[in-house]
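*Asks:* My structure is below; once you've seen it, I'll send some questions.
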Amino acid sequence: MFPYDEASWSVVDGAMFMGWGTALPGITTFLAMVACVLVLVIGQRSESAKAKKFDK
Amino acid sequence: MEQQILDLTAQLEELKAGATVTNTMFAETFYYLTIPLMLIIHAGFLAYEMGASRLKNVLSSGVKNILAFAFMIPTFYFFGWWIYFGFPTGIPGEPGPAGISGIEYANSIAWAWGDSAQYMGPNIADQISGVFFGAFAMFAATTASIMSGAVIERIQTVGFIILAVVLGSFAWVVAAAWGWHADGWLVTQWGVHDFGAAGLVHAVAGFFALGVLINLGPRIGKFNADGTANHIPGHNLPLTVVGLMLIIVGFFGFLMACVVPPGEAWSWFADKPATIYGTPITLSALAFNILMAIAGGIIGAWLFTRDPFWMMSGALAGIISTASGLDIYYPALAFLIAMSAGLILKPCADWLENRGIDDAVGAVTVHGTIGLYGVVMLGIWGAGFPALQGAVGDVPTISLIGQIVGAVVFFLLGFVPGYVVSFILNMFGMLRVREGAELAGMDLVKVPAAGYPEWGGDAPVTPAHPAE
């Protein structure tokens, strides 16, 4: 996952994170966004269901 | 004309000297500021475990934590600092390739008597040793605080302090020498990378606590006869949650102290900051990844628990699960790894509890299990990164096998000393308080003060008016 052809820090002159130059940053960003939305959806559903139990 | 050149040359020298002083002051101040920031971790642990204690034990939990901190500093001064420099290459302490390790080197800079004492006190020619020492001593104190929360409400004070010293001034220091030093054999032979000390601080302390908990046993009333567990709520959950938040604030100092500023004689680079391994890092990387990890951990824990205690523990787990690679993770990847740590946190803690381990604050899981999870995760995602400076082929690279080897070593360096020393203390009756004292409350036994003197039916009533 080292983003340079040569596995040496001496050649690094810019971005130095895992997957730089590949699709990984975009994919992980997309997955992180989806995860945030999913958590909110699940959270809303379960909280609503629980709140309904207190209806008179 | 000649005079003008001479004047300009003199001015240039003055400017260069000024720039050097500025850089030196910045580099020293950078480390110096990590010390109070890391002290906030201890304020957090103090609030955290006092809040997690029942009313009858609140002050004794605080005394234990404060005293551990106080013993950690001098013992780390006496021998912890020396161990760090003495044994990176293993036993018997041969010098390593970077030339900053081995018994002889440690004797020359980290021993508080003889010639080396000059580096262990005020010295106008050495303005950095004490600042480095202070930052490392705070790491040591953090390990003791991690163990401290797990064992609340039934441990003897002196027995606990002995355990804290073994952990903070010996066990984690050996782990740091081996896996957090450019000459460390885990680094040079296996390419182990643990930038933010997920394994060598958190996992070592977490599994040290597990070894102690096995010999210490659960609090009275924690488990029923059929083995099922009861929840023992602390007296003040809001205090615990705020304590956890303070720990997270302090972590910015903790991770800042893992960065070596540029431009000094002891720096790795003239123009950019480095990790302790001498590989490049930026503070920007830390800001991106720490914040994303905190967020991911909280969100993951919220999904399963909805409990503020576990959410803030999830924030810690988020940082710890990504700490090994905060220098090289992509922020969205850090977020996803942290979120997964938040998700597995509570099930892991439940698994441990179902096996009869009474970890009062979940320290074994948050620091131990998640610490090792973080070390191994970096092996999966960071494989191929050079673990040290140097050209390809000359230096080891990060690998899954190397990270697993590191994780096993960190586990053993925590668990074995914790289990053995607590076993010996138990043999001598120095580990657990007597049953009567535990039932009465440890504050009554250990502390000549009351945490909440006006609380309870038999509490003295504060006069509403001055006595006539």
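Naming scheme: A, B, ... for chains in displayed order of the structure tokens; residues 1 onward per chain; ligands 1 onward as shown.
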Listing only residues of chain B within 7 Å of chain A, what is the closest atom pair and its distance in Å (to one decimal) for each, using only C-alpha atoms, sorted by chain and residue number ascending, as JSON lines?
*Replies:*
{"residue": "B:Leu303", "atom": "CA", "partner": "A:Val39", "partner_atom": "CA", "distance": 6.5}
{"residue": "B:Ile328", "atom": "CA", "partner": "A:Phe17", "partner_atom": "CA", "distance": 4.5}
{"residue": "B:Tyr329", "atom": "CA", "partner": "A:Phe17", "partner_atom": "CA", "distance": 5.4}
{"residue": "B:Tyr330", "atom": "CA", "partner": "A:Phe17", "partner_atom": "CA", "distance": 5.5}
{"residue": "B:Ala332", "atom": "CA", "partner": "A:Thr29", "partner_atom": "CA", "distance": 5.0}
{"residue": "B:Leu333", "atom": "CA", "partner": "A:Thr28", "partner_atom": "CA", "distance": 5.5}
{"residue": "B:Phe335", "atom": "CA", "partner": "A:Ala32", "partner_atom": "CA", "distance": 6.9}
{"residue": "B:Leu336", "atom": "CA", "partner": "A:Ala32", "partner_atom": "CA", "distance": 6.2}
{"residue": "B:Trp381", "atom": "CA", "partner": "A:Met1", "partner_atom": "CA", "distance": 6.9}
{"residue": "B:Gly382", "atom": "CA", "partner": "A:Met1", "partner_atom": "CA", "distance": 6.0}
{"residue": "B:Ala383", "atom": "CA", "partner": "A:Met1", "partner_atom": "CA", "distance": 6.1}
{"residue": "B:Gly384", "atom": "CA", "partner": "A:Phe2", "partner_atom": "CA", "distance": 5.5}
{"residue": "B:Phe385", "atom": "CA", "partner": "A:Phe2", "partner_atom": "CA", "distance": 5.0}
{"residue": "B:Pro386", "atom": "CA", "partner": "A:Ala7", "partner_atom": "CA", "distance": 6.0}
{"residue": "B:Gln389", "atom": "CA", "partner": "A:Trp9", "partner_atom": "CA", "distance": 6.1}
{"residue": "B:Gly390", "atom": "CA", "partner": "A:Ser8", "partner_atom": "CA", "distance": 6.2}
{"residue": "B:Ala391", "atom": "CA", "partner": "A:Ser8", "partner_atom": "CA", "distance": 5.1}
{"residue": "B:Val392", "atom": "CA", "partner": "A:Ser8", "partner_atom": "CA", "distance": 5.2}
*Asks:* Just to confirm, what's the straight-line distance from atom CA of B:Asp327 to atom CA of B:Ala285 in Å (one decimal)?
*Replies:* 5.8 Å
*Asks:* Have a look at atom CA of B:Thr34 and atom CA of B:Met256 and let me know their distance in Å, one decimal.
*Replies:* 6.6 Å
*Asks:* Have a look at B:Gly184, B:Pro74, B:Gly243, B:Gly402 and name the one nearest to B:Gly86; count only C-alpha atoms.
*Replies:* B:Gly184
*Asks:* If we count only C-alpha atoms and set the cut-off at 6 Å, which residues sit around stretch 353-370 of chain B, ignoring sequence neighbours fewer than 2 positions away in its own chain? Please answer as number ranges by chain.
*Replies:* B: 149-150, 202-203, 206-207, 218, 317, 321, 349-351, 372-373
*Asks:* Save the residues we just selected, C-alpha atoms, as a compact mmCIF listing (two decimals), in the first residue's frame?
*Replies:*
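So part.txt came out as:
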# COMPACT_ATOMS: atom_id res chain seq x y z
CA GLY B 149 -9.53 1.81 36.76
CA ALA B 150 -9.88 -1.93 36.20
CA HIS B 202 -2.37 0.46 25.64
CA ALA B 203 -2.21 -3.28 25.02
CA GLY B 206 -4.64 -3.56 29.31
CA PHE B 207 -3.29 -7.10 29.46
CA PRO B 218 -14.30 -9.87 41.20
CA ALA B 317 -11.18 2.86 21.21
CA SER B 321 -7.44 1.27 17.08
CA ALA B 349 -16.22 -6.50 27.11
CA ASP B 350 -19.25 -8.77 27.57
CA TRP B 351 -17.22 -11.77 26.43
CA LEU B 372 -3.84 -5.30 19.68
CA TYR B 373 -6.62 -4.92 17.11
*Asks:* Tell me, which residues of stretch 171-205 of chain B carry DSSP helix (DSSP H, G or I), written as a list of chain:residue names?
*Replies:*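 The helix (DSSP H, G or I) subset of stretch 171-205 of chain B is B:Ala171, B:Trp172, B:Val173, B:Val174, B:Ala175, B:Ala176, B:Ala177, B:Trp178, B:Gly179, B:Trp185, B:Leu186, B:Val187, B:Thr188, B:Gln189, B:Trp190, B:Ala198, B:Gly199, B:Leu200, B:Val201, B:His202, B:Ala203, B:Val204, B:Ala205.
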*Asks:* Nearest residue to B:Leu59 out of B:His235, B:Ser313, B:Glu14, B:Asn289, using only C-alpha atoms?
*Replies:*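 The shortest atom-to-atom distance to B:Leu59 comes from B:His235.
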*Asks:* With only C-alpha atoms as the atoms that count, which of B:Trp185, B:Ala257, B:Ile103, B:Ala112 lies nearest to B:Met138?
*Replies:*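 Among the listed residues, B:Ala257 lies closest to B:Met138.
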*Asks:* Contacts of B:Ile220 at 8 Å or less, counting only C-alpha atoms, minus same-chain residues fewer than 3 places along, as a ChimeraX atom specification?
*Replies:* /B:223,438-439
*Asks:* Please provide the set of residues having any atom within 9 Å of B:Ser53, restricted to only C-alpha atoms, with same-chain residues fewer than 6 positions apart removed, written as a list in words.
*Replies:*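 The neighbour list is Leu59, Ser61, Ile152, Glu153, Ile232, Pro233, Gly234, His235, Asn236 and Ala360 of chain B.
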*Asks:* Can you work out which one of B:Ala440, B:Ala27, B:Val421, B:Leu244 has the shortest atom-to-atom distance to B:Ile40, counting only C-alpha atoms?
*Replies:*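 Using only C-alpha atoms, B:Ile40 sits closest to B:Leu244.
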*Asks:* Which residue out of B:Ala43, B:Val375, B:Ala177, B:Val259 has the minimum interatomic distance to B:Thr142 when only C-alpha atoms are used?
*Replies:*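 With only C-alpha atoms as the atom set, the closest residue is B:Ala43.
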*Asks:* Show which residues sit within 12 Å of B:Leu33, as an mmCIF file with C-alpha atoms, in the first residue's frame. Count only C-alpha atoms, and ignore same-chain residues fewer than 2 positions away.
*Replies:*
data_model
loop_
_atom_site.group_PDB
_atom_site.id
_atom_site.type_symbol
_atom_site.label_atom_id
_atom_site.label_comp_id
_atom_site.auth_asym_id
_atom_site.auth_seq_id
_atom_site.Cartn_x
_atom_site.Cartn_y
_atom_site.Cartn_z
ATOM 1 C CA MET B 25 13.057 27.096 21.918
ATOM 2 C CA PHE B 26 10.240 25.860 19.689
ATOM 3 C CA ALA B 27 11.439 22.254 19.758
ATOM 4 C CA GLU B 28 11.853 22.254 23.533
ATOM 5 C CA THR B 29 8.570 24.044 24.116
ATOM 6 C CA PHE B 30 6.842 21.581 21.795
ATOM 7 C CA TYR B 31 7.793 18.711 24.096
ATOM 8 C CA ILE B 35 3.645 17.252 29.634
ATOM 9 C CA PRO B 36 0.707 19.316 30.971
ATOM 10 C CA LEU B 37 -1.433 18.102 28.079
ATOM 11 C CA MET B 38 -0.711 14.512 29.047
ATOM 12 C CA LEU B 39 -1.385 15.399 32.666
ATOM 13 C CA ILE B 40 -4.947 16.055 31.516
ATOM 14 C CA VAL B 131 11.780 17.539 28.571
ATOM 15 C CA PHE B 132 12.091 14.152 26.837
ATOM 16 C CA GLY B 134 9.001 14.331 31.280
ATOM 17 C CA ALA B 135 7.082 13.226 28.200
ATOM 18 C CA MET B 138 3.807 10.773 31.408
ATOM 19 C CA GLY B 250 -4.992 14.665 26.808
ATOM 20 C CA PHE B 252 -3.662 15.135 21.660
ATOM 21 C CA GLY B 253 -0.667 15.766 23.915
ATOM 22 C CA PHE B 254 0.137 12.060 24.105
ATOM 23 C CA LEU B 255 0.256 11.755 20.327
ATOM 24 C CA MET B 256 2.003 15.106 19.940
ATOM 25 C CA ALA B 257 4.755 13.677 22.131
#
*Asks:* So that I can see what lies close to stretch 87-101 of chain B, please list as number ranges by chain the residues with an atom at most 7 Å from it, counting only C-alpha atoms and leaving out residues fewer than 3 positions away in the same chain.
*Replies:* B: 83-84, 105-106, 177-178, 181-185
*Asks:* So how many Å separate atom CA of B:Arg54 and atom CA of B:Gly436, to one decimal?
*Replies:*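 Atom CA of B:Gly436 lies 16.0 Å from atom CA of B:Arg54.
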*Asks:* Which residue gives the smallest distance to B:Ile294 among B:Pro331, B:Gly80, B:Gly263, B:Gly371, with only C-alpha atoms counted?
*Replies:*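 Result for the nearest residue to B:Ile294: B:Pro331.
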